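Colleague: Pasting coords.tsv below, which is TSV, C-alpha atoms.
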```
chain	number	residue	atom	x	y	z
A	1	MET	CA	103.26	68.66	113.67
A	2	THR	CA	104.15	67.39	110.17
A	3	PRO	CA	103.70	70.17	107.58
A	4	THR	CA	101.18	69.55	104.85
A	5	ALA	CA	102.78	70.00	101.45
A	6	VAL	CA	101.70	70.25	97.83
A	7	THR	CA	104.16	68.50	95.55
A	8	GLY	CA	102.59	69.22	92.17
A	9	ARG	CA	103.08	65.60	91.10
A	10	SER	CA	99.40	64.61	91.09
A	11	ARG	CA	98.01	64.30	87.58
A	12	ALA	CA	94.36	64.21	88.57
A	13	ARG	CA	92.22	67.06	87.18
A	14	SER	CA	89.92	69.10	89.37
A	15	ARG	CA	86.31	69.62	88.36
A	16	VAL	CA	85.45	72.98	86.78
A	17	LEU	CA	85.16	75.63	89.46
A	18	SER	CA	83.84	79.17	89.59
A	19	ILE	CA	86.67	81.17	91.15
A	20	LEU	CA	86.73	84.79	92.29
A	21	TYR	CA	90.41	85.75	92.28
A	22	VAL	CA	91.69	88.75	94.27
A	23	GLY	CA	95.27	89.88	93.64
A	24	CYS	CA	97.66	92.47	92.18
A	25	LEU	CA	97.09	92.00	88.48
A	26	GLY	CA	100.00	93.80	86.84
A	27	ARG	CA	101.10	92.37	83.47
A	28	SER	CA	104.02	90.31	84.81
A	29	SER	CA	102.82	89.85	88.39
A	30	ARG	CA	102.68	86.43	90.02
A	31	SER	CA	98.94	86.91	90.47
A	32	SER	CA	98.51	87.31	86.71
A	33	MET	CA	100.49	84.10	86.16
A	34	VAL	CA	98.30	82.24	88.66
A	35	MET	CA	95.07	83.61	87.20
A	36	ARG	CA	96.05	82.67	83.64
A	37	ALA	CA	96.99	79.16	84.73
A	38	LEU	CA	93.68	78.72	86.56
A	39	ARG	CA	91.78	79.74	83.43
A	40	GLU	CA	93.83	77.44	81.22
A	41	LEU	CA	93.08	74.58	83.60
A	42	GLY	CA	89.47	75.06	82.54
A	43	HIS	CA	88.10	76.98	85.50
A	44	GLN	CA	85.81	80.00	85.28
A	45	VAL	CA	87.78	82.86	86.82
A	46	ARG	CA	86.61	86.39	87.56
A	47	ALA	CA	89.10	88.82	89.05
A	48	VAL	CA	89.31	91.83	91.35
A	49	ASN	CA	92.52	93.86	91.23
A	50	SER	CA	93.80	94.50	94.77
A	51	ASP	CA	96.42	97.04	93.68
A	52	ALA	CA	95.74	100.44	95.24
A	53	LEU	CA	96.13	102.86	92.30
A	54	ASP	CA	95.83	106.62	92.08
A	55	GLU	CA	94.14	108.58	89.30
A	56	ARG	CA	97.27	108.20	87.14
A	57	GLY	CA	97.27	104.42	87.47
A	58	GLU	CA	100.36	104.46	89.70
A	59	ARG	CA	100.59	102.46	92.91
A	60	LEU	CA	99.68	104.59	95.92
A	61	TYR	CA	102.61	103.45	98.01
A	62	PHE	CA	104.92	105.20	95.54
A	63	ARG	CA	103.21	108.57	96.01
A	64	ASP	CA	100.87	108.75	99.00
A	65	PRO	CA	102.61	109.41	102.36
A	66	VAL	CA	99.41	108.82	104.36
A	67	TRP	CA	98.96	105.43	102.70
A	68	LYS	CA	102.57	104.57	103.52
A	69	VAL	CA	102.22	105.56	107.17
A	70	MET	CA	98.93	103.72	107.68
A	71	SER	CA	100.35	100.62	105.98
A	72	LYS	CA	103.34	100.62	108.33
A	73	LEU	CA	100.90	100.86	111.24
A	74	GLY	CA	99.21	97.72	109.92
A	75	ARG	CA	95.99	99.44	108.84
A	76	PRO	CA	96.28	100.21	105.10
A	77	PRO	CA	93.30	102.28	103.92
A	78	ASP	CA	91.12	100.78	101.22
A	79	ARG	CA	91.55	103.66	98.77
A	80	ALA	CA	90.87	101.45	95.75
A	81	GLY	CA	87.52	100.25	97.07
A	82	LEU	CA	88.73	96.65	97.14
A	83	ASN	CA	86.20	95.41	99.69
A	84	ARG	CA	83.32	97.06	97.85
A	85	SER	CA	84.48	95.52	94.58
A	86	ILE	CA	84.69	92.04	96.12
A	87	ARG	CA	81.24	92.32	97.68
A	88	HIS	CA	79.81	93.36	94.32
A	89	ALA	CA	81.57	90.55	92.46
A	90	LEU	CA	80.18	88.02	94.92
A	91	THR	CA	76.64	88.94	93.83
A	92	GLN	CA	77.31	88.42	90.12
A	93	GLY	CA	77.00	84.64	90.01
A	94	PRO	CA	78.00	81.40	91.70
A	95	VAL	CA	81.38	81.25	93.45
A	96	ASP	CA	82.99	77.99	94.54
A	97	VAL	CA	86.33	79.44	95.61
A	98	LEU	CA	87.34	82.90	96.79
A	99	TRP	CA	91.10	83.00	96.18
A	100	VAL	CA	92.93	85.86	97.92
A	101	ALA	CA	96.54	86.68	97.02
A	102	LYS	CA	97.84	88.68	100.02
A	103	SER	CA	95.68	91.88	99.65
A	104	PRO	CA	96.48	93.56	103.03
A	105	SER	CA	93.52	95.97	102.87
A	106	LEU	CA	90.91	93.21	102.63
A	107	ARG	CA	88.64	93.38	105.68
A	108	PRO	CA	87.42	90.35	107.66
A	109	GLU	CA	83.80	91.48	107.34
A	110	THR	CA	84.13	91.04	103.57
A	111	LEU	CA	85.02	87.37	104.09
A	112	VAL	CA	82.12	86.95	106.52
A	113	ARG	CA	79.80	88.47	103.91
A	114	ALA	CA	81.19	86.12	101.25
A	115	ARG	CA	80.38	83.09	103.39
A	116	LYS	CA	76.82	84.29	104.00
A	117	LEU	CA	76.21	84.80	100.29
A	118	HIS	CA	77.76	81.44	99.34
A	119	PRO	CA	77.47	79.01	102.28
A	120	ARG	CA	79.51	76.27	100.55
A	121	LEU	CA	82.26	78.68	99.53
A	122	ARG	CA	85.90	77.73	100.13
A	123	ILE	CA	88.06	80.74	101.04
A	124	VAL	CA	91.75	80.45	100.17
A	125	PHE	CA	94.71	82.66	101.04
A	126	HIS	CA	97.91	82.44	99.00
A	127	SER	CA	101.11	84.45	99.37
A	128	GLU	CA	104.74	84.07	98.35
A	129	ASP	CA	105.79	86.31	101.25
A	130	ASP	CA	106.66	85.19	104.77
A	131	MET	CA	103.33	86.05	106.38
A	132	PHE	CA	104.56	85.39	109.90
A	133	LEU	CA	106.84	88.43	109.66
A	134	ARG	CA	105.15	91.54	110.97
A	135	HIS	CA	106.11	93.79	108.05
A	136	ASN	CA	104.15	91.52	105.68
A	137	GLN	CA	101.03	91.55	107.82
A	138	SER	CA	98.24	94.02	108.42
A	139	SER	CA	95.80	94.08	111.29
A	140	TRP	CA	93.11	93.09	108.76
A	141	PHE	CA	95.15	90.04	107.75
A	142	ARG	CA	95.63	88.88	111.34
A	143	THR	CA	91.93	89.27	112.10
A	144	SER	CA	90.94	87.52	108.87
A	145	LEU	CA	93.35	84.59	109.19
A	146	PRO	CA	90.93	82.24	111.04
A	147	LEU	CA	88.32	82.79	108.31
A	148	TYR	CA	90.35	81.09	105.57
A	149	ASP	CA	89.75	77.40	104.95
A	150	VAL	CA	93.30	76.97	103.65
A	151	VAL	CA	96.41	79.16	103.72
A	152	PHE	CA	98.95	78.29	101.02
A	153	THR	CA	102.50	79.42	101.77
A	154	HIS	CA	105.85	79.09	99.99
A	155	LYS	CA	107.62	79.40	103.36
A	156	SER	CA	107.80	76.00	105.04
A	157	ARG	CA	108.47	77.63	108.41
A	158	ASN	CA	104.97	79.15	108.33
A	159	THR	CA	103.45	75.69	108.85
A	160	ALA	CA	105.11	75.28	112.27
A	161	PRO	CA	102.68	75.27	115.24
A	162	GLY	CA	104.17	78.48	116.63
A	163	GLU	CA	103.74	80.44	113.40
A	164	LEU	CA	100.57	80.91	111.28
A	165	PRO	CA	98.61	78.21	113.17
A	166	ALA	CA	99.35	80.12	116.38
A	167	LEU	CA	97.79	83.22	114.78
A	168	GLY	CA	94.57	81.33	114.13
A	169	ALA	CA	95.06	79.76	110.70
A	170	GLN	CA	92.85	76.65	110.38
A	171	ARG	CA	95.11	74.87	107.91
A	172	VAL	CA	98.51	75.93	106.52
A	173	VAL	CA	99.84	74.10	103.46
A	174	PHE	CA	103.38	74.45	102.13
A	175	VAL	CA	103.89	74.73	98.37
A	176	ASP	CA	107.24	74.75	96.55
A	177	LYS	CA	107.92	77.60	94.15
A	178	CYS	CA	106.49	77.46	90.63
A	179	HIS	CA	107.47	78.60	87.16
A	180	ASP	CA	105.33	80.09	84.41
A	181	ARG	CA	105.17	77.95	81.25
A	182	TYR	CA	105.20	81.00	78.99
A	183	LEU	CA	107.74	83.29	80.64
A	184	HIS	CA	110.20	80.76	82.08
A	185	ARG	CA	111.28	78.60	79.17
A	186	PRO	CA	114.42	78.01	77.08
A	187	VAL	CA	115.01	80.62	74.37
A	188	GLU	CA	117.56	80.79	71.58
A	189	VAL	CA	120.10	83.53	72.28
A	190	THR	CA	122.37	85.37	69.89
A	191	GLY	CA	125.73	86.99	70.36
A	192	ALA	CA	123.88	90.28	70.68
A	193	ASP	CA	121.71	88.83	73.47
A	194	ARG	CA	124.80	87.68	75.35
A	195	GLU	CA	126.35	91.11	74.99
A	196	ALA	CA	123.19	92.92	76.09
A	197	LEU	CA	121.93	90.61	78.84
A	198	GLY	CA	124.34	87.77	79.61
A	199	GLY	CA	127.92	86.82	80.33
A	200	GLU	CA	129.90	84.24	82.24
A	201	VAL	CA	128.36	84.80	85.70
A	202	GLY	CA	125.14	86.63	86.53
A	203	PHE	CA	122.61	87.33	89.23
A	204	VAL	CA	119.04	88.66	89.01
A	205	GLY	CA	117.49	90.00	92.21
A	206	THR	CA	117.07	92.80	94.70
A	207	PHE	CA	120.02	94.12	96.71
A	208	GLU	CA	120.81	92.52	100.03
A	209	ALA	CA	124.08	93.09	101.87
A	210	GLU	CA	125.12	89.45	102.28
A	211	ARG	CA	124.69	88.54	98.62
A	212	ALA	CA	126.38	91.77	97.58
A	213	ASP	CA	129.41	90.89	99.71
A	214	VAL	CA	129.73	87.45	98.11
A	215	MET	CA	129.60	88.86	94.59
A	216	LEU	CA	132.11	91.59	95.43
A	217	ARG	CA	134.47	88.91	96.74
A	218	LEU	CA	133.98	86.94	93.53
A	219	ALA	CA	134.99	90.03	91.56
A	220	GLN	CA	138.01	90.57	93.79
A	221	ALA	CA	139.00	86.94	93.09
A	222	GLY	CA	138.96	87.62	89.35
A	223	VAL	CA	135.42	86.49	88.46
A	224	GLY	CA	133.32	88.93	86.47
A	225	VAL	CA	129.72	89.16	87.76
A	226	ARG	CA	126.81	90.92	86.07
A	227	ILE	CA	123.99	92.04	88.38
A	228	TRP	CA	120.40	92.92	87.45
A	229	GLY	CA	117.81	94.19	89.91
A	230	ASP	CA	116.66	97.05	92.10
A	231	HIS	CA	118.55	99.02	94.78
A	232	TRP	CA	122.07	98.19	93.54
A	233	LYS	CA	123.09	101.64	92.28
A	234	LYS	CA	125.29	102.42	95.30
A	235	TRP	CA	127.39	99.38	94.38
A	236	ARG	CA	128.35	100.72	90.99
A	237	GLY	CA	132.09	101.27	90.72
A	238	ARG	CA	132.98	99.03	93.68
A	239	HIS	CA	135.15	96.84	91.43
A	240	PRO	CA	135.90	96.71	87.67
A	241	LEU	CA	134.63	93.11	87.48
A	242	LEU	CA	131.39	93.85	89.36
A	243	ASN	CA	129.03	94.98	86.61
A	244	VAL	CA	125.97	96.52	88.26
A	245	GLU	CA	123.35	97.30	85.63
A	246	GLY	CA	121.19	99.32	88.04
A	247	ARG	CA	117.82	98.18	86.75
A	248	ALA	CA	115.43	95.26	86.85
A	249	LEU	CA	114.88	93.04	83.82
A	250	SER	CA	111.56	93.06	82.02
A	251	ALA	CA	109.55	89.85	81.87
A	252	ASP	CA	110.67	89.32	78.28
A	253	GLU	CA	114.34	89.95	79.09
A	254	TYR	CA	114.43	87.66	82.12
A	255	ALA	CA	114.50	84.26	80.40
A	256	ARG	CA	116.79	85.59	77.69
A	257	SER	CA	119.27	86.80	80.32
A	258	ILE	CA	119.28	83.41	82.08
A	259	CYS	CA	119.86	81.59	78.79
A	260	ALA	CA	122.64	84.03	77.83
A	261	THR	CA	124.50	83.53	81.14
A	262	ASP	CA	126.83	80.59	81.78
A	263	VAL	CA	126.50	80.45	85.59
A	264	ASN	CA	123.32	81.85	87.16
A	265	LEU	CA	123.82	82.52	90.88
A	266	GLY	CA	120.95	81.87	93.27
A	267	PHE	CA	121.01	83.72	96.60
A	268	LEU	CA	118.41	83.51	99.34
A	269	ARG	CA	116.96	86.61	100.94
A	270	LYS	CA	117.73	86.25	104.63
A	271	GLN	CA	115.25	88.87	105.84
A	272	ASN	CA	112.50	86.76	104.23
A	273	ARG	CA	113.86	83.55	105.80
A	274	ASP	CA	114.10	82.03	102.32
A	275	LEU	CA	114.93	78.38	101.81
A	276	GLN	CA	114.10	78.70	98.11
A	277	THR	CA	113.11	81.59	95.84
A	278	GLY	CA	111.28	82.01	92.56
A	279	ARG	CA	114.63	81.81	90.76
A	280	SER	CA	115.21	78.38	92.33
A	281	VAL	CA	112.74	76.93	89.82
A	282	GLU	CA	112.74	79.61	87.12
A	283	ILE	CA	116.47	79.30	86.26
A	284	PRO	CA	116.32	75.54	85.57
A	285	ALA	CA	112.93	75.95	83.83
A	286	CYS	CA	114.62	78.33	81.39
A	287	GLY	CA	117.29	75.72	80.71
A	288	GLY	CA	119.88	77.75	82.60
A	289	PHE	CA	122.66	76.43	84.80
A	290	MET	CA	121.99	77.30	88.47
A	291	LEU	CA	124.51	77.60	91.30
A	292	ALA	CA	122.52	78.38	94.44
A	293	GLU	CA	122.84	78.36	98.21
A	294	ARG	CA	122.46	74.84	99.61
A	295	THR	CA	119.26	74.16	101.61
A	296	ASP	CA	117.19	71.07	102.27
A	297	GLU	CA	114.44	72.49	100.07
A	298	HIS	CA	116.83	73.08	97.17
A	299	LEU	CA	118.16	69.55	97.53
A	300	ASN	CA	114.59	68.23	97.46
A	301	LEU	CA	113.87	70.11	94.24
A	302	PHE	CA	117.07	69.22	92.35
A	303	LEU	CA	119.78	66.57	92.64
A	304	GLU	CA	123.09	68.23	93.49
A	305	GLY	CA	125.72	67.91	90.79
A	306	VAL	CA	123.14	66.32	88.47
A	307	GLU	CA	120.32	68.86	87.99
A	308	ALA	CA	121.78	71.95	89.70
A	309	GLU	CA	124.75	72.94	91.85
A	310	PHE	CA	124.84	74.35	95.37
A	311	PHE	CA	127.25	75.95	97.85
A	312	ASP	CA	127.49	76.58	101.58
A	313	ASP	CA	130.13	79.31	101.77
A	314	PHE	CA	132.18	81.70	99.68
A	315	GLU	CA	135.04	79.29	99.07
A	316	GLU	CA	132.69	76.64	97.67
A	317	CYS	CA	130.87	79.26	95.60
A	318	LEU	CA	134.14	80.52	94.13
A	319	GLY	CA	135.47	77.04	93.39
A	320	LYS	CA	132.29	75.86	91.66
A	321	THR	CA	131.90	79.12	89.75
A	322	ARG	CA	135.40	78.83	88.32
A	323	PHE	CA	134.94	75.14	87.50
A	324	TYR	CA	131.67	75.53	85.63
A	325	VAL	CA	132.74	78.65	83.73
A	326	GLU	CA	135.59	76.55	82.35
A	327	ASN	CA	133.62	73.32	81.81
A	328	ALA	CA	130.84	74.07	79.35
A	329	ALA	CA	129.93	70.42	78.68
A	330	GLU	CA	129.31	69.68	82.37
A	331	ARG	CA	127.41	72.93	82.75
A	332	ARG	CA	125.14	72.15	79.82
A	333	ARG	CA	124.54	68.58	80.98
A	334	ILE	CA	123.37	69.77	84.40
A	335	ALA	CA	121.25	72.56	82.90
A	336	ALA	CA	119.50	70.08	80.60
A	337	ALA	CA	118.83	67.71	83.50
A	338	GLY	CA	117.47	70.59	85.61
A	339	LEU	CA	115.06	71.53	82.83
A	340	GLU	CA	113.89	67.92	82.59
A	341	ARG	CA	113.32	67.82	86.37
A	342	CYS	CA	111.09	70.90	86.13
A	343	MET	CA	109.02	69.13	83.48
A	344	SER	CA	108.88	65.66	85.04
A	345	GLY	CA	108.49	67.05	88.56
A	346	ARG	CA	105.57	69.19	87.38
A	347	TYR	CA	106.90	72.43	88.86
A	348	SER	CA	104.78	74.84	86.79
A	349	PHE	CA	101.90	76.97	88.07
A	350	HIS	CA	99.51	74.82	86.03
A	351	ASP	CA	100.73	71.65	87.73
A	352	ARG	CA	100.91	72.89	91.30
A	353	LEU	CA	97.59	74.75	91.10
A	354	THR	CA	95.82	71.54	90.07
A	355	GLU	CA	96.80	69.97	93.38
A	356	MET	CA	96.28	73.18	95.38
A	357	LEU	CA	92.69	73.32	94.20
A	358	ARG	CA	92.18	69.69	95.22
A	359	VAL	CA	93.42	70.61	98.69
A	360	ALA	CA	91.29	73.75	98.79
A	361	ARG	CA	88.18	71.75	97.94
A	362	GLY	CA	89.05	68.94	100.35
A	363	ASP	CA	89.32	66.44	97.47
A	364	GLU	CA	92.71	64.93	98.39
A	365	LYS	CA	92.93	61.18	98.31
```
Turn this file's structure into structure tokens for me.
Modeller:
Amino acid sequence: MTPTAVTGRSRARSRVLSILYVGCLGRSSRSSMVMRALRELGHQVRAVNSDALDERGERLYFRDPVWKVMSKLGRPPDRAGLNRSIRHALTQGPVDVLWVAKSPSLRPETLVRARKLHPRLRIVFHSEDDMFLRHNQSSWFRTSLPLYDVVFTHKSRNTAPGELPALGAQRVVFVDKCHDRYLHRPVEVTGADREALGGEVGFVGTFEAERADVMLRLAQAGVGVRIWGDHWKKWRGRHPLLNVEGRALSADEYARSICATDVNLGFLRKQNRDLQTGRSVEIPACGGFMLAERTDEHLNLFLEGVEAEFFDDFEECLGKTRFYVENAAERRRIAAAGLERCMSGRYSFHDRLTEMLRVARGDEK
């Protein structure tokens, strides 16, 4: 089976659609980026927030042990009334597309009801997670999977016959990662920005043992590395050149940190079977220099040594890190070419969503 893919290179515009969007709508969430892009593409978008919040507005999985246990058992309770909210929204006007972003507590009967109310409705599922992995699924998701007209995934492996199609998905379409036009863009940085957020070598992301080991070895080899992200606090003090900040960056700080860092490292998360990550596109889109793990998908996105740099092992990572820290002109040339590739390759949410909607509506040429 040859995977279906969305490249984002089509310039054709979709007709105006009425879209009911279901997703976690925090201020800097991916769902909010997608929803804003859909609206700016001219579509009429209503939204239902799938985040399960308590009376304080905090996510339940931070506080509710019963919710945590039931979620791990694959049957997350619908404490937020998500299914009721979707059913109500479906009665408030025409709907061409029901777009679901993960939402593990969504029940299959809600999708069946949606189809009855709107017989020509296209039902779309979209997730950046590896939905073949059990910890990302719920029993509701597995039961609902055959009800979606299209499943969009950023994990190419999910398109294989033995993965989501084997679980009943009618059509699985691979989409490369996207960047947000407003958050992921070049910014002017000052000396104060570099002091506060940047440096010679940096990494932004959650802790994982393999990536931590590589960065510790870089520090031991004399390369200073600054790390931003969650779950790194136990690594503080491991080495004087390993600067663990112990917190995530805000949405506003993220692009500024990339632009204030000479060499931005890009590690894959092995437990998610990554072949690319959000940073794979976001770093170049910010005009930053990226040195990432070499994969076929990375090489398809950016020309090696021209638009980004890649490595296979620690020795190559160390050698290229040292070279590009010392060679600012080469670093800047590659960063500029990477930014241009993001623009000409149409890697933004706006660009990719245009083609995704064409696929969802069955309008491909």
Colleague: Which is closer to A:Met35 than all the others in A:Pro65, A:Leu265, A:Pro108, A:Leu353, using only C-alpha atoms?
Modeller: A:Leu353
Colleague: Residues near stretch 227-234 of chain A, anyone? I mean within 8 Å using only C-alpha atoms, not counting same-chain ones fewer than 5 positions away, as a ChimeraX atom specification.
Modeller: /A:202-207,242-249
Colleague: Grab the atom CA of A:Thr261 to atom CA of A:Asp130 distance for me, in Å with one decimal place.
Modeller: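 Answer for the atom CA of A:Thr261 to atom CA of A:Asp130 separation: 29.7 Å.
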Colleague: Between atom CA of A:Glu188 and atom CA of A:Asp262, measure the distance and give it in Å to one decimal.
Modeller: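 Rounded to one decimal, the two atoms are 13.8 Å apart.
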Colleague: Using only C-alpha atoms, which of A:Ala255, A:Val201, A:Leu133, A:Leu301 sits nearest A:Arg273?
Modeller: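 Looking at the shortest contact to A:Arg273, the residue is A:Leu133.
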Colleague: Quick one: distance from atom CA of A:Leu183 to atom CA of A:Glu40 in Å, one decimal?
Modeller: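 Atom CA of A:Glu40 lies 15.1 Å from atom CA of A:Leu183.
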Colleague: Could you list, as a list in words, every residue within 9 Å of stretch 117-127 of chain A, counting all atoms listed in the file and ignoring same-chain residues fewer than 3 positions away?
Modeller: Leu90, Thr91, Pro94, Val95, Asp96, Val97, Leu98, Trp99, Val100, Ala101, Lys102, Leu111, Val112, Arg113, Ala114, Asp130, Met131, Leu145, Leu147, Tyr148, Asp149, Val150, Val151, Phe152, Thr153, His154, Ala360 and Arg361 of chain A
Colleague: Between A:Arg226, A:Arg269, A:Arg39, A:Arg238, which one has atoms that come closest to A:Val16, using all atoms listed in the file?
Modeller: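 Closest to A:Val16, using all atoms listed in the file: A:Arg39.
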Colleague: Around all the atoms of stretch 319-326 of chain A listed in the file, draw an axis-aligned box and extend it by 3 Å on each of the six sides; I want its centre and edge lengths in Å to one decimal, as JSON.
Modeller:
```
{"center_x": 133.6, "center_y": 77.1, "center_z": 87.9, "size_x": 9.9, "size_y": 10.0, "size_z": 17.0}
```
Colleague: Point out the residue among A:Arg142, A:Asn327, A:Asn83, A:Ala251 with the least atom-to-atom distance to A:Ser29, counting all atoms listed in the file.
Modeller: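 Selected residue with least distance to A:Ser29: A:Ala251.
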Colleague: From the options A:Ser31, A:Glu293, A:Gly198, A:His43, which residue's atoms come nearest to A:Glu253, counting all atoms listed in the file?
Modeller: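 Smallest separation from A:Glu253 among the options: A:Gly198.
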Colleague: Restricting the calculation to all atoms listed in the file, which member of A:Val325, A:Ala335, A:Leu41, A:Ile283 is positioned closest to A:Val223?
Modeller: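 Of A:Val325, A:Ala335, A:Leu41, A:Ile283, the one nearest A:Val223 is A:Val325, counting all atoms listed in the file.
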Colleague: Near A:Lys320, counting all atoms listed in the file, which residues have an atom at most 10 Å away, once you skip same-chain residues fewer than 4 positions from it, shown as a PyMOL selection string?
Modeller: chain A and resi 263+291+309-311+314-316+324-326
Colleague: Fewer than 2 positions away in the same chain doesn't count, so skip those; otherwise give me all residues within 12 Å of A:Phe349, counting only C-alpha atoms, as a PyMOL selection string.
Modeller: chain A and resi 6-9+30-41+175-184+278+281-282+285+342-343+345-347+351-357
Colleague: Taking 2 positions as the minimum chain separation for residues in the same chain, which residues sit within 12 Å of A:Ala337 when counting only C-alpha atoms? Answer as an MDAnalysis selection string.
Modeller: chainID A and resid 284:290 302:309 330:335 339:345
Colleague: Grab stretch 314-350 of chain A from that structure and dump C-alpha atoms to a file, as a PDB file, in the first residue's frame.
Modeller:
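Final output, out_36.pdb:
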```pdb
ATOM      1  CA  PHE A 314      26.899  11.389  18.674  1.00  0.00           C
ATOM      2  CA  GLU A 315      30.198  11.829  16.861  1.00  0.00           C
ATOM      3  CA  GLU A 316      28.495  13.460  13.871  1.00  0.00           C
ATOM      4  CA  CYS A 317      26.369  15.614  16.174  1.00  0.00           C
ATOM      5  CA  LEU A 318      29.444  16.791  18.077  1.00  0.00           C
ATOM      6  CA  GLY A 319      31.451  17.500  14.926  1.00  0.00           C
ATOM      7  CA  LYS A 320      28.692  19.500  13.241  1.00  0.00           C
ATOM      8  CA  THR A 321      27.829  21.363  16.438  1.00  0.00           C
ATOM      9  CA  ARG A 322      31.418  22.518  16.858  1.00  0.00           C
ATOM     10  CA  PHE A 323      31.725  23.450  13.171  1.00  0.00           C
ATOM     11  CA  TYR A 324      28.581  25.570  13.013  1.00  0.00           C
ATOM     12  CA  VAL A 325      29.184  27.308  16.344  1.00  0.00           C
ATOM     13  CA  GLU A 326      32.473  28.507  14.865  1.00  0.00           C
ATOM     14  CA  ASN A 327      31.192  29.262  11.348  1.00  0.00           C
ATOM     15  CA  ALA A 328      28.507  31.918  11.647  1.00  0.00           C
ATOM     16  CA  ALA A 329      28.350  32.741   7.920  1.00  0.00           C
ATOM     17  CA  GLU A 330      27.614  29.127   6.944  1.00  0.00           C
ATOM     18  CA  ARG A 331      25.111  28.828   9.778  1.00  0.00           C
ATOM     19  CA  ARG A 332      23.256  31.945   8.687  1.00  0.00           C
ATOM     20  CA  ARG A 333      23.243  30.905   5.035  1.00  0.00           C
ATOM     21  CA  ILE A 334      21.631  27.566   5.866  1.00  0.00           C
ATOM     22  CA  ALA A 335      19.134  29.168   8.256  1.00  0.00           C
ATOM     23  CA  ALA A 336      18.055  31.653   5.586  1.00  0.00           C
ATOM     24  CA  ALA A 337      17.630  28.858   3.027  1.00  0.00           C
ATOM     25  CA  GLY A 338      15.604  26.810   5.530  1.00  0.00           C
ATOM     26  CA  LEU A 339      13.271  29.742   6.098  1.00  0.00           C
ATOM     27  CA  GLU A 340      12.823  30.149   2.350  1.00  0.00           C
ATOM     28  CA  ARG A 341      12.010  26.435   2.011  1.00  0.00           C
ATOM     29  CA  CYS A 342       9.261  26.785   4.625  1.00  0.00           C
ATOM     30  CA  MET A 343       7.754  29.619   2.603  1.00  0.00           C
ATOM     31  CA  SER A 344       8.161  28.155  -0.890  1.00  0.00           C
ATOM     32  CA  GLY A 345       7.258  24.647   0.274  1.00  0.00           C
ATOM     33  CA  ARG A 346       4.084  26.002   1.883  1.00  0.00           C
ATOM     34  CA  TYR A 347       4.667  24.355   5.260  1.00  0.00           C
ATOM     35  CA  SER A 348       2.292  26.532   7.304  1.00  0.00           C
ATOM     36  CA  PHE A 349      -1.021  25.438   8.813  1.00  0.00           C
ATOM     37  CA  HIS A 350      -2.808  27.711   6.333  1.00  0.00           C
TER      38      HIS A 350
END
```
